[in-house]
$ cat upload_19.csv   # CSV, C-alpha atoms
chain,number,residue,atom,x,y,z
O,10,MET,CA,-238.2,-110.0,14.2
O,11,SER,CA,-236.3,-107.1,12.7
O,12,VAL,CA,-237.9,-105.0,9.9
O,13,ILE,CA,-236.2,-103.4,6.9
O,14,LYS,CA,-237.8,-100.0,6.2
O,15,VAL,CA,-237.9,-99.0,2.5
O,16,ALA,CA,-238.8,-95.7,0.7
O,17,ILE,CA,-239.8,-95.7,-2.9
O,18,LEU,CA,-239.2,-92.5,-4.9
O,19,GLY,CA,-241.6,-92.2,-7.7
O,20,PHE,CA,-244.8,-94.2,-8.2
O,21,GLY,CA,-244.9,-94.6,-12.0
O,22,THR,CA,-244.7,-97.9,-13.8
O,23,VAL,CA,-241.5,-99.0,-12.1
O,24,GLY,CA,-242.2,-97.6,-8.6
O,25,GLU,CA,-245.7,-99.1,-8.5
O,26,GLY,CA,-244.3,-102.4,-9.7
O,27,VAL,CA,-241.7,-102.5,-6.9
O,28,TYR,CA,-244.4,-101.6,-4.3
O,29,GLN,CA,-246.7,-104.4,-5.6
O,30,THR,CA,-243.9,-106.9,-5.7
O,31,ILE,CA,-242.8,-106.2,-2.1
O,32,GLN,CA,-246.5,-106.7,-1.1
O,33,SER,CA,-246.9,-109.9,-3.1
O,34,HIS,CA,-243.6,-111.5,-2.3
O,35,GLY,CA,-243.2,-110.4,1.3
O,36,GLU,CA,-242.9,-114.0,2.6
O,37,GLU,CA,-240.1,-114.8,0.1
O,38,LEU,CA,-238.2,-111.7,1.0
O,39,GLU,CA,-238.6,-112.4,4.7
O,40,ARG,CA,-237.3,-116.0,4.2
O,41,VAL,CA,-234.2,-114.8,2.3
O,42,LEU,CA,-233.4,-111.8,4.4
O,43,GLY,CA,-234.5,-113.0,7.8
O,44,SER,CA,-236.3,-109.7,8.2
O,45,LYS,CA,-239.7,-108.4,7.2
O,46,VAL,CA,-239.6,-105.7,4.4
O,47,GLU,CA,-242.0,-102.8,4.8
O,48,VAL,CA,-242.5,-99.8,2.6
O,49,ALA,CA,-242.4,-96.9,5.0
O,50,ALA,CA,-242.8,-94.0,2.4
O,51,VAL,CA,-243.6,-93.2,-1.2
O,52,LEU,CA,-242.5,-90.0,-2.8
O,53,ILE,CA,-245.0,-88.7,-5.4
O,54,ARG,CA,-245.6,-85.5,-7.3
O,55,ASN,CA,-249.4,-85.1,-7.1
O,56,LYS,CA,-250.8,-85.9,-3.6
O,57,GLN,CA,-254.3,-85.5,-4.9
O,58,LYS,CA,-254.1,-88.5,-7.2
O,59,LYS,CA,-255.6,-91.7,-5.8
O,60,ARG,CA,-253.2,-94.6,-5.5
O,61,ASN,CA,-253.5,-98.1,-4.2
O,62,ILE,CA,-251.1,-97.7,-1.3
O,63,ASP,CA,-251.6,-98.9,2.3
O,64,GLY,CA,-252.8,-96.3,4.7
O,65,GLU,CA,-249.9,-96.7,7.0
O,66,VAL,CA,-247.4,-95.7,4.3
O,67,LEU,CA,-246.2,-92.0,4.3
O,68,ILE,CA,-247.2,-90.5,1.0
O,69,THR,CA,-245.5,-87.2,0.4
O,70,SER,CA,-244.1,-84.9,-2.2
O,71,ASP,CA,-241.4,-83.6,0.2
O,72,PHE,CA,-238.3,-85.8,0.3
O,73,ASN,CA,-237.2,-84.2,3.6
O,74,GLU,CA,-240.1,-85.9,5.3
O,75,ILE,CA,-238.7,-89.2,4.2
O,76,LEU,CA,-235.2,-88.4,5.3
O,77,HIS,CA,-236.5,-87.6,8.8
O,78,LEU,CA,-238.3,-90.9,9.3
O,79,PRO,CA,-237.3,-92.6,12.6
O,80,GLN,CA,-236.1,-95.6,10.6
O,81,LEU,CA,-235.0,-95.7,7.0
O,82,ASP,CA,-232.8,-98.5,5.6
O,83,VAL,CA,-233.2,-98.6,1.8
O,84,VAL,CA,-234.1,-95.9,-0.7
O,85,ILE,CA,-235.3,-97.1,-4.1
O,86,GLU,CA,-235.3,-94.4,-6.8
O,87,ALA,CA,-237.6,-94.8,-9.8
O,88,ILE,CA,-237.9,-91.3,-11.2
O,89,VAL,CA,-236.6,-89.8,-14.5
O,90,ASP,CA,-234.0,-87.2,-15.3
O,91,LYS,CA,-230.7,-86.5,-13.6
O,92,GLU,CA,-232.1,-84.1,-11.0
O,93,PRO,CA,-233.5,-84.2,-8.4
O,94,PRO,CA,-232.8,-88.0,-8.2
O,95,TYR,CA,-229.0,-87.5,-7.9
O,96,THR,CA,-229.4,-85.1,-5.0
O,97,PHE,CA,-232.0,-87.3,-3.3
O,98,LEU,CA,-229.7,-90.4,-3.5
O,99,LYS,CA,-226.7,-88.4,-2.1
O,100,GLN,CA,-228.8,-87.3,0.8
O,101,ALA,CA,-230.0,-90.9,1.4
O,102,ILE,CA,-226.4,-92.2,1.4
O,103,GLN,CA,-225.4,-89.5,3.9
O,104,ARG,CA,-228.3,-90.5,6.1
O,105,GLY,CA,-226.8,-94.0,6.1
O,106,CYS,CA,-229.2,-95.7,3.7
O,107,HIS,CA,-228.5,-98.3,1.0
O,108,ILE,CA,-229.7,-97.0,-2.3
O,109,ILE,CA,-231.2,-98.7,-5.4
O,110,THR,CA,-231.8,-96.9,-8.8
O,111,ALA,CA,-233.4,-97.8,-12.1
O,112,ASN,CA,-232.4,-94.4,-13.6
O,113,LYS,CA,-229.8,-95.1,-16.3
O,114,GLU,CA,-229.3,-91.5,-17.4
O,115,MET,CA,-228.6,-90.3,-13.9
O,116,PHE,CA,-226.4,-93.3,-13.1
O,117,ALA,CA,-224.4,-93.0,-16.3
O,118,HIS,CA,-223.6,-89.4,-15.4
O,119,HIS,CA,-223.2,-89.7,-11.6
O,120,GLY,CA,-222.8,-93.4,-10.8
O,121,LYS,CA,-219.1,-93.1,-9.9
O,122,GLU,CA,-219.8,-90.3,-7.4
O,123,LEU,CA,-222.6,-92.2,-5.8
O,124,LEU,CA,-220.6,-95.4,-5.5
O,125,GLU,CA,-217.6,-93.5,-3.9
O,126,LEU,CA,-219.9,-91.7,-1.5
O,127,ALA,CA,-221.6,-94.9,-0.6
O,128,ASP,CA,-218.3,-96.6,0.0
O,129,SER,CA,-217.2,-93.8,2.4
O,130,HIS,CA,-220.5,-94.2,4.3
O,131,LYS,CA,-220.3,-98.0,4.4
O,132,VAL,CA,-223.6,-98.6,2.5
O,133,SER,CA,-224.3,-100.4,-0.8
O,134,VAL,CA,-225.7,-99.3,-4.2
O,135,GLY,CA,-227.9,-101.5,-6.4
O,136,TYR,CA,-228.3,-100.6,-10.1
O,137,GLU,CA,-229.3,-103.8,-11.9
O,138,ALA,CA,-232.4,-102.2,-13.2
O,139,THR,CA,-230.5,-99.5,-15.0
O,140,VAL,CA,-229.4,-102.0,-17.8
O,141,ALA,CA,-231.7,-104.4,-19.7
O,142,GLY,CA,-234.6,-104.4,-17.3
O,143,GLY,CA,-235.2,-108.0,-16.0
O,144,ILE,CA,-232.0,-109.5,-17.3
O,145,PRO,CA,-229.5,-110.0,-14.5
O,146,VAL,CA,-226.5,-108.8,-16.5
O,147,ILE,CA,-224.9,-106.8,-13.7
O,148,GLN,CA,-225.0,-109.7,-11.2
O,149,THR,CA,-223.6,-112.0,-13.9
O,150,LEU,CA,-220.7,-109.7,-14.7
O,151,ARG,CA,-220.0,-109.4,-11.0
O,152,GLN,CA,-219.6,-113.2,-10.8
O,153,LEU,CA,-217.6,-113.4,-14.1
O,154,LEU,CA,-215.1,-110.7,-13.1
O,155,ASN,CA,-213.9,-112.7,-10.1
O,156,VAL,CA,-211.6,-114.5,-12.4
O,157,ASN,CA,-212.6,-114.2,-16.1
O,158,ARG,CA,-211.1,-111.5,-18.3
O,159,VAL,CA,-213.9,-109.9,-20.4
O,160,SER,CA,-212.8,-108.8,-23.8
O,161,LEU,CA,-216.1,-108.0,-25.5
O,162,ILE,CA,-219.7,-107.1,-24.5
O,163,GLN,CA,-222.5,-106.7,-27.1
O,164,GLY,CA,-226.0,-105.9,-26.2
O,165,ILE,CA,-229.5,-105.1,-27.6
O,166,LEU,CA,-230.2,-102.7,-24.8
O,167,ASN,CA,-233.2,-100.7,-26.1
O,168,GLY,CA,-236.5,-102.6,-26.5
O,169,THR,CA,-238.2,-99.7,-28.4
O,170,SER,CA,-235.7,-99.8,-31.2
O,171,ASN,CA,-235.7,-103.6,-31.4
O,172,PHE,CA,-239.5,-103.5,-31.5
O,173,ILE,CA,-239.5,-101.0,-34.4
O,174,LEU,CA,-237.0,-103.0,-36.4
O,175,THR,CA,-238.9,-106.2,-35.9
O,176,GLU,CA,-242.2,-104.6,-37.0
O,177,MET,CA,-240.5,-103.1,-40.1
O,178,ARG,CA,-239.2,-106.5,-41.1
O,179,GLU,CA,-242.1,-108.8,-40.2
O,180,ARG,CA,-245.0,-106.5,-41.0
O,181,LYS,CA,-243.3,-104.5,-43.8
O,182,GLN,CA,-244.2,-101.3,-41.9
O,183,SER,CA,-242.4,-97.9,-42.5
O,184,PHE,CA,-240.3,-96.5,-39.7
O,185,ALA,CA,-243.0,-93.9,-38.9
O,186,ASP,CA,-245.8,-96.5,-38.7
O,187,ALA,CA,-243.7,-98.8,-36.5
O,188,LEU,CA,-242.8,-95.9,-34.2
O,189,SER,CA,-246.5,-94.9,-34.0
O,190,LEU,CA,-247.4,-98.5,-33.0
O,191,ALA,CA,-244.7,-98.5,-30.4
O,192,GLN,CA,-246.1,-95.3,-28.9
O,193,LYS,CA,-249.6,-96.7,-28.8
O,194,LYS,CA,-248.4,-99.8,-27.0
O,195,GLY,CA,-246.5,-97.7,-24.5
O,196,TYR,CA,-243.1,-98.9,-25.6
O,197,ALA,CA,-242.0,-95.4,-26.8
O,198,GLU,CA,-242.4,-92.0,-25.3
O,199,VAL,CA,-244.2,-89.1,-27.0
O,200,ASP,CA,-240.7,-87.8,-27.7
O,201,PRO,CA,-238.9,-91.0,-28.7
O,202,THR,CA,-235.5,-89.3,-29.3
O,203,ASN,CA,-233.7,-91.1,-26.4
O,204,ASP,CA,-234.7,-94.5,-27.8
O,205,VAL,CA,-234.5,-94.1,-31.6
O,206,GLU,CA,-231.4,-92.0,-31.6
O,207,GLY,CA,-229.4,-94.4,-29.3
O,208,PHE,CA,-229.1,-92.2,-26.2
O,209,ASP,CA,-230.8,-94.7,-23.9
O,210,ALA,CA,-228.6,-97.5,-25.1
O,211,PHE,CA,-225.6,-95.2,-24.8
O,212,PHE,CA,-226.2,-94.5,-21.1
O,213,LYS,CA,-226.6,-98.3,-20.5
O,214,THR,CA,-223.4,-99.0,-22.4
O,215,MET,CA,-221.4,-96.6,-20.2
O,216,ILE,CA,-222.7,-98.3,-17.1
O,217,LEU,CA,-221.7,-101.8,-18.5
O,218,SER,CA,-218.2,-100.5,-19.4
O,219,ARG,CA,-217.7,-99.3,-15.8
O,220,ILE,CA,-218.7,-102.7,-14.4
O,221,ALA,CA,-216.7,-104.8,-16.9
O,222,PHE,CA,-213.6,-102.7,-17.1
O,223,GLY,CA,-213.7,-100.4,-14.1
O,224,GLU,CA,-213.7,-97.4,-16.5
O,225,GLU,CA,-215.4,-96.0,-19.5
O,226,PRO,CA,-214.3,-94.5,-22.9
O,227,ASN,CA,-214.4,-90.8,-23.5
O,228,TRP,CA,-218.1,-90.1,-24.2
O,229,GLN,CA,-217.1,-87.9,-27.2
O,230,ASP,CA,-215.2,-90.8,-28.8
O,231,VAL,CA,-218.2,-93.2,-28.7
O,232,GLU,CA,-219.8,-93.8,-32.1
O,233,ARG,CA,-223.5,-93.4,-31.4
O,234,GLU,CA,-226.1,-93.8,-34.1
O,235,GLY,CA,-229.8,-94.4,-34.0
O,236,ILE,CA,-232.1,-96.3,-36.3
O,237,THR,CA,-233.8,-93.4,-38.1
O,238,THR,CA,-231.8,-94.0,-41.3
O,239,ILE,CA,-232.9,-97.6,-41.7
O,240,THR,CA,-235.5,-97.9,-44.5
O,241,SER,CA,-237.8,-100.7,-45.6
O,242,ASN,CA,-235.7,-101.1,-48.7
O,243,LEU,CA,-232.5,-101.7,-46.6
O,244,ILE,CA,-234.3,-104.2,-44.4
O,245,ASP,CA,-235.7,-106.1,-47.5
O,246,ALA,CA,-232.2,-106.1,-49.1
O,247,ALA,CA,-230.6,-107.5,-45.9
O,248,GLU,CA,-233.2,-110.2,-45.8
O,249,LYS,CA,-232.1,-111.4,-49.2
O,250,PHE,CA,-228.8,-112.1,-47.7
O,251,GLY,CA,-230.2,-113.8,-44.6
O,252,LEU,CA,-229.3,-110.8,-42.4
O,253,ARG,CA,-231.3,-108.8,-39.9
O,254,PHE,CA,-230.8,-105.3,-38.6
O,255,LYS,CA,-230.3,-105.0,-34.8
O,256,HIS,CA,-229.4,-101.9,-32.8
O,257,VAL,CA,-226.3,-103.1,-30.9
O,258,ALA,CA,-224.1,-101.6,-28.2
O,259,SER,CA,-220.5,-103.0,-28.3
O,260,ILE,CA,-217.7,-102.5,-25.8
O,261,THR,CA,-214.2,-103.9,-26.3
O,262,LYS,CA,-210.9,-103.5,-24.5
O,263,ALA,CA,-207.5,-104.1,-26.0
O,264,GLY,CA,-204.6,-103.2,-23.8
O,265,ASN,CA,-205.5,-99.9,-22.2
O,266,GLN,CA,-207.9,-98.8,-24.9
O,267,ILE,CA,-211.7,-99.1,-24.5
O,268,ARG,CA,-213.8,-98.7,-27.6
O,269,ALA,CA,-217.6,-98.5,-27.6
O,270,THR,CA,-220.1,-98.2,-30.3
O,271,VAL,CA,-223.9,-97.9,-30.2
O,272,LYS,CA,-225.3,-98.3,-33.7
O,273,PRO,CA,-227.4,-100.4,-36.1
O,274,VAL,CA,-225.5,-103.5,-37.4
O,275,LEU,CA,-226.4,-106.6,-39.3
O,276,VAL,CA,-226.3,-110.1,-37.9
O,277,GLY,CA,-226.6,-113.5,-39.5
O,278,LYS,CA,-228.4,-116.7,-38.4
O,279,THR,CA,-225.4,-117.9,-36.3
O,280,HIS,CA,-225.3,-114.7,-34.1
O,281,PRO,CA,-227.1,-115.0,-30.7
O,282,PHE,CA,-229.0,-111.8,-31.5
O,283,TYR,CA,-230.6,-113.0,-34.7
O,284,HIS,CA,-233.7,-114.2,-33.0
O,285,ILE,CA,-234.0,-111.4,-30.4
O,286,GLU,CA,-237.3,-109.8,-31.4
O,287,GLY,CA,-239.9,-107.3,-30.2
O,288,VAL,CA,-239.1,-105.5,-26.9
O,289,GLU,CA,-236.7,-108.2,-25.8
O,290,ASN,CA,-233.2,-107.3,-24.7
O,291,ALA,CA,-230.0,-109.5,-24.9
O,292,VAL,CA,-226.4,-109.2,-23.7
O,293,ASN,CA,-223.6,-111.3,-25.0
O,294,VAL,CA,-220.3,-111.5,-23.0
O,295,GLN,CA,-217.1,-112.9,-24.3
O,296,SER,CA,-214.3,-113.8,-21.8
O,297,ASP,CA,-211.2,-115.9,-21.7
O,298,ILE,CA,-212.3,-118.8,-19.5
O,299,VAL,CA,-216.1,-119.3,-19.9
O,300,GLY,CA,-216.1,-118.2,-23.6
O,301,SER,CA,-219.3,-116.7,-24.9
O,302,ILE,CA,-222.5,-116.5,-22.9
O,303,THR,CA,-225.8,-114.8,-23.8
O,304,LEU,CA,-228.5,-113.5,-21.5
O,305,GLN,CA,-231.9,-112.5,-22.9
O,306,GLY,CA,-235.3,-111.5,-21.6
O,307,PRO,CA,-237.7,-108.6,-21.2
O,308,GLY,CA,-235.8,-105.3,-21.2
O,309,ALA,CA,-238.6,-103.1,-19.7
O,310,GLY,CA,-242.0,-103.1,-18.2
O,311,MET,CA,-243.5,-102.9,-14.7
O,312,PHE,CA,-242.6,-106.3,-13.4
O,313,PRO,CA,-239.4,-107.2,-15.3
O,314,THR,CA,-237.8,-103.9,-14.0
O,315,ALA,CA,-239.4,-104.5,-10.5
O,316,SER,CA,-237.7,-107.9,-10.5
O,317,ALA,CA,-234.3,-106.3,-11.0
O,318,VAL,CA,-235.0,-103.8,-8.2
O,319,ILE,CA,-236.1,-106.5,-5.8
O,320,GLU,CA,-233.0,-108.6,-6.5
O,321,ASP,CA,-231.0,-105.5,-5.8
O,322,LEU,CA,-232.9,-105.1,-2.6
O,323,VAL,CA,-231.7,-108.6,-1.5
O,324,TYR,CA,-228.2,-107.8,-2.8
O,325,VAL,CA,-227.7,-104.5,-0.8
O,326,CYS,CA,-229.2,-106.0,2.4
O,327,GLN,CA,-227.1,-109.2,2.3
O,328,HIS,CA,-223.7,-108.0,1.0
O,329,GLN,CA,-221.0,-105.9,2.7
O,330,PRO,CA,-220.5,-102.5,0.9
O,331,SER,CA,-218.0,-102.8,-1.8
O,332,ASN,CA,-216.6,-100.6,-4.6
O,333,LYS,CA,-215.2,-103.4,-6.6
O,334,ASN,CA,-217.3,-102.5,-9.6
O,335,PHE,CA,-214.8,-99.7,-10.3
O,336,THR,CA,-211.6,-101.9,-10.2
O,337,LYS,CA,-209.8,-101.6,-13.5
O,338,THR,CA,-209.5,-105.0,-15.1
O,339,THR,CA,-207.1,-106.7,-17.4
O,340,ALA,CA,-208.7,-107.3,-20.8
O,341,GLY,CA,-208.4,-110.3,-23.0
O,342,ASN,CA,-206.6,-109.8,-26.3
O,343,TYR,CA,-209.2,-108.7,-28.8
O,344,GLY,CA,-207.1,-109.0,-31.9
O,345,GLU,CA,-205.9,-106.6,-34.5
O,346,GLU,CA,-205.9,-102.8,-34.4
O,347,ILE,CA,-209.4,-101.5,-34.9
O,348,GLY,CA,-209.9,-99.9,-38.3
O,349,GLN,CA,-207.3,-102.0,-40.1
O,350,VAL,CA,-209.2,-105.4,-40.2
O,351,LYS,CA,-211.2,-106.1,-43.3
O,352,GLU,CA,-214.8,-106.5,-42.5
O,353,LEU,CA,-218.1,-107.0,-44.3
O,354,TRP,CA,-220.5,-104.1,-44.9
O,355,LEU,CA,-224.0,-103.6,-46.3
O,356,ILE,CA,-223.8,-100.3,-48.2
O,357,LYS,CA,-226.2,-98.0,-50.0
O,358,GLY,CA,-225.2,-95.2,-52.4
O,359,LEU,CA,-221.7,-96.2,-53.6
O,360,PRO,CA,-221.6,-96.4,-57.4
O,361,LYS,CA,-221.0,-99.9,-58.8
O,362,ASN,CA,-218.3,-98.5,-61.0
O,363,ASN,CA,-216.1,-97.6,-58.0
O,364,LYS,CA,-212.7,-99.1,-58.7
O,365,ASN,CA,-211.1,-98.6,-55.3
O,366,PRO,CA,-208.6,-101.6,-55.1
O,367,LEU,CA,-209.0,-101.7,-51.3
O,368,ILE,CA,-212.7,-102.5,-51.6
O,369,THR,CA,-214.0,-106.0,-52.7
O,370,TRP,CA,-217.5,-106.1,-54.1
O,371,VAL,CA,-219.1,-109.3,-52.7
O,372,ALA,CA,-222.8,-109.3,-53.7
O,373,GLN,CA,-225.3,-106.9,-55.1
O,374,ALA,CA,-228.9,-106.7,-53.8
O,375,THR,CA,-230.2,-103.8,-55.9
O,376,ASP,CA,-228.7,-101.1,-58.0
O,377,GLU,CA,-228.0,-99.0,-54.9
O,378,ILE,CA,-227.5,-101.7,-52.2
O,379,ALA,CA,-224.6,-104.1,-52.0
O,380,ILE,CA,-222.2,-106.0,-49.7
O,381,ILE,CA,-218.6,-105.1,-49.8
O,382,GLN,CA,-215.5,-106.2,-47.9
O,383,ALA,CA,-213.0,-103.5,-46.7
O,384,ALA,CA,-211.3,-102.0,-43.6
O,385,ARG,CA,-213.4,-99.6,-41.6
O,386,GLU,CA,-211.1,-96.7,-42.3
O,387,GLU,CA,-211.5,-97.2,-46.1
O,388,VAL,CA,-215.2,-97.6,-45.9
O,389,GLU,CA,-215.6,-94.4,-43.9
O,390,LYS,CA,-213.4,-92.4,-46.2
O,391,VAL,CA,-215.1,-93.6,-49.4
O,392,MET,CA,-218.7,-93.4,-48.2
O,393,ASN,CA,-218.3,-90.0,-46.6
O,394,GLN,CA,-217.5,-88.7,-50.1
O,395,GLN,CA,-220.9,-89.6,-51.3
O,396,LYS,CA,-223.9,-87.3,-51.0
O,397,GLU,CA,-226.4,-89.8,-49.6
O,398,ALA,CA,-224.7,-93.0,-48.6
O,399,TYR,CA,-225.1,-95.4,-45.7
O,400,TYR,CA,-223.0,-98.3,-44.4
O,401,PHE,CA,-223.7,-100.9,-41.8
O,402,GLN,CA,-221.3,-103.4,-40.4
O,403,ILE,CA,-222.0,-107.1,-40.6
O,404,ILE,CA,-220.8,-108.5,-37.3
O,405,ASP,CA,-221.3,-112.2,-37.8
O,406,GLY,CA,-220.8,-114.9,-40.5
O,407,TYR,CA,-223.8,-115.5,-42.7
O,408,LYS,CA,-225.1,-117.3,-45.8
O,409,ILE,CA,-226.2,-115.5,-48.9
O,410,GLU,CA,-228.9,-117.4,-50.6
O,411,ARG,CA,-229.6,-116.9,-54.3
O,412,LYS,CA,-231.7,-118.7,-56.8
O,413,TYR,CA,-228.9,-120.5,-58.5
O,414,GLU,CA,-226.0,-120.5,-56.0
O,415,GLU,CA,-225.1,-120.2,-52.4
O,416,ILE,CA,-222.2,-118.2,-51.1
O,417,THR,CA,-221.0,-118.6,-47.5
O,418,LEU,CA,-219.1,-115.6,-46.1
O,419,ALA,CA,-217.5,-115.0,-42.8
O,420,ALA,CA,-216.8,-111.5,-41.4
O,421,LEU,CA,-213.1,-111.1,-40.7
$ encode --input "upload_19.csv" --output "structure tokens"
Amino acid sequence: MSVIKVAILGFGTVGEGVYQTIQSHGEELERVLGSKVEVAAVLIRNKQKKRNIDGEVLITSDFNEILHLPQLDVVIEAIVDKEPPYTFLKQAIQRGCHIITANKEMFAHHGKELLELADSHKVSVGYEATVAGGIPVIQTLRQLLNVNRVSLIQGILNGTSNFILTEMRERKQSFADALSLAQKKGYAEVDPTNDVEGFDAFFKTMILSRIAFGEEPNWQDVEREGITTITSNLIDAAEKFGLRFKHVASITKAGNQIRATVKPVLVGKTHPFYHIEGVENAVNVQSDIVGSITLQGPGAGMFPTASAVIEDLVYVCQHQPSNKNFTKTTAGNYGEEIGQVKELWLIKGLPKNNKNPLITWVAQATDEIAIIQAAREEVEKVMNQQKEAYYFQIIDGYKIERKYEEITLAAL
């Protein structure tokens, strides 16, 4: 029986999870692929550190040793940073290997080049693990895009931010305390900037845009905002209106224009993200035939991410190389021009005596916090004139419950 030889670059949480899964699910992989899968090599930094790796596996800190193995079919990259992973994967493609990556930052920057290089060398690229961990969103989009026209993708793509917002609401913790807990549990790095300032979700959003629409917006035009401005008072006020803060990435295409945002928004009980809590991720896709579908599940961790990598292993070994992920698509009509539509906003810091006729005051939570209805352009103009003011879009219909009355509102 033939053998598929695999190299794993990096043996941290993801790399070790992939190794263990190949060992524990060898029979399933052999049944599906018709070949036995063997780990031929593991690239590590510290050769002195003891690891639970079979003695026949090459353990090295020199990637050239891996490239010169007699047989090498698939290279799985599970390192961090853009370099050296990008260079390693280019060399692997040039050697004639399929490649799989879980590195969203590197792939957001260099995915296009890697896919084009792979296409020219007749090998495949797997990158399911770069977005939303164990949720098969990329495979799903590949299937949808055969016929469906996708008009909108929304996602909770960073488990750390979602965990912090959940803790702040459920346990009434401050941002600092919730972040500290996330770090203790291993959900957040010592330097949490990539997570809490929205960079991690931004990189994943660019990858999703490339899959869904064959292109991505200008990175400088993407509105990226983290969760550091969200206070306990804002969360409590939102709860009074039946709303929850979620850090949501959104991509739309209308005509030839792609617009992406990565920022905190508010969702009501009817929104599919309302009950996505803790480190869970979710992706909602809206298209013209199937309508709206939502995928949810663990967004990170050893085995959820390993699951995505292993599914990619099956994918790259079974499918003919294809660059179809970069085909520009025709988008569904996503309505009126962005910025002109009247929407609902939770705001803080706008004086109640503001008499702007283009702003409708809907409900008041506290002296400082209220819900208004206005077009985005007007909100941005008015709020940017205030010294300390914040505004958050409400992206779904909701109910405001008060002691003596109930008002039902729908975001336009």
$ atom_distance --input "upload_19.csv" --atom1 "atom CA of Gly142 of chain O" --atom2 "atom CA of Val318 of chain O"
9.1 Å
$ closest_residue --input "upload_19.csv" --among "O:Glu114, O:Gln229, O:Thr149, O:Ile260" --to "Asn203 of chain O" --atoms "all atoms listed in the file"
O:Glu114
$ closest_residue --input "upload_19.csv" --among "O:Glu286, O:Glu92, O:Glu36, O:Asp321" --to "Ile147 of chain O" --atoms "all atoms listed in the file"
O:Asp321
$ closest_residue --input "upload_19.csv" --among "O:Glu387, O:Asp297, O:Glu137, O:Glu74" --to "Ile319 of chain O" --atoms "all atoms listed in the file"
O:Glu137
$ atom_distance --input "upload_19.csv" --atom1 "atom CA of Ser259 of chain O" --atom2 "atom CA of Gly164 of chain O"
6.6 Å
$ residues_around --input "upload_19.csv" --residues "segment 253-255 of chain O" --least-positions-apart "6" --cutoff "6 Å" --atoms "all atoms listed in the file" --output "PyMOL selection string"
chain O and resi 273-276
$ closest_residue --input "upload_19.csv" --among "O:Ala309, O:Ala246, O:Ile53, O:Ile298" --to "Asn167 of chain O" --atoms "all atoms listed in the file"
O:Ala309
$ atom_distance --input "upload_19.csv" --atom1 "atom CA of Pro313 of chain O" --atom2 "atom CA of Phe97 of chain O"
24.4 Å
$ residues_around --input "upload_19.csv" --residues "Ile216 of chain O" --least-positions-apart "6" --cutoff "9 Å" --atoms "only C-alpha atoms" --output "list of chain:residue names"
O:Lys113, O:Phe116, O:Ala117, O:Gly120, O:Thr139, O:Val140, O:Glu225
$ write_last_selection --input "upload_19.csv" --atoms "C-alpha atoms" --output "mmCIF file, keeping the file's coordinate frame"
data_model
loop_
_atom_site.group_PDB
_atom_site.id
_atom_site.type_symbol
_atom_site.label_atom_id
_atom_site.label_comp_id
_atom_site.auth_asym_id
_atom_site.auth_seq_id
_atom_site.Cartn_x
_atom_site.Cartn_y
_atom_site.Cartn_z
ATOM 1 C CA LYS O 113 -229.800 -95.100 -16.300
ATOM 2 C CA PHE O 116 -226.400 -93.300 -13.100
ATOM 3 C CA ALA O 117 -224.400 -93.000 -16.300
ATOM 4 C CA GLY O 120 -222.800 -93.400 -10.800
ATOM 5 C CA THR O 139 -230.500 -99.500 -15.000
ATOM 6 C CA VAL O 140 -229.400 -102.000 -17.800
ATOM 7 C CA GLU O 225 -215.400 -96.000 -19.500
#
$ closest_residue --input "upload_19.csv" --among "O:Val159, O:Ile244, O:Gly235, O:Phe212" --to "Gln182 of chain O" --atoms "all atoms listed in the file"
O:Ile244
$ residues_around --input "upload_19.csv" --residues "Gln266 of chain O" --least-positions-apart "2" --cutoff "10 Å" --atoms "all atoms listed in the file" --output "ChimeraX atom specification"
/O:225-226,261-264,268,340
$ closest_residue --input "upload_19.csv" --among "O:Leu124, O:Gln163, O:Ala16, O:Val388" --to "Asn73 of chain O" --atoms "all atoms listed in the file"
O:Ala16
$ residues_around --input "upload_19.csv" --residues "Gly19 of chain O" --least-positions-apart "6" --cutoff "6 Å" --atoms "all atoms listed in the file" --output "JSON, numbers by chain"
{"O": [52, 53, 87, 88]}
$ closest_atom_pairs --input "upload_19.csv" --of "segment 239-357 of chain O" --to "segment 40-45 of chain O" --cutoff "9 Å" --atoms "all atoms listed in the file" --output "tab-separated table"
residue	atom	partner	partner_atom	distance
O:Val323	CA	O:Leu42	CA	6.9
O:Cys326	CA	O:Leu42	CA	7.4
O:Gln327	CA	O:Leu42	CA	7.1
$ residues_around --input "upload_19.csv" --residues "Ala127 of chain O" --least-positions-apart "5" --cutoff "12 Å" --atoms "only C-alpha atoms" --output "list in words"
Leu98, Lys99, Gln100, Ala101, Ile102, Gln103, Arg104, Gly105, Cys106, His107, Ile108, Ile109, Gly120, Lys121, Glu122, Val132, Ser133, Val134, Gly135, Val325, Gln329, Pro330, Ser331 and Asn332 of chain O
$ residues_near_point --input "upload_19.csv" --point "(-238.5, -102.0, -30.8)" --cutoff "8 Å" --atoms "only C-alpha atoms" --output "PyMOL selection string"
chain O and resi 167-176+191+196+286-288
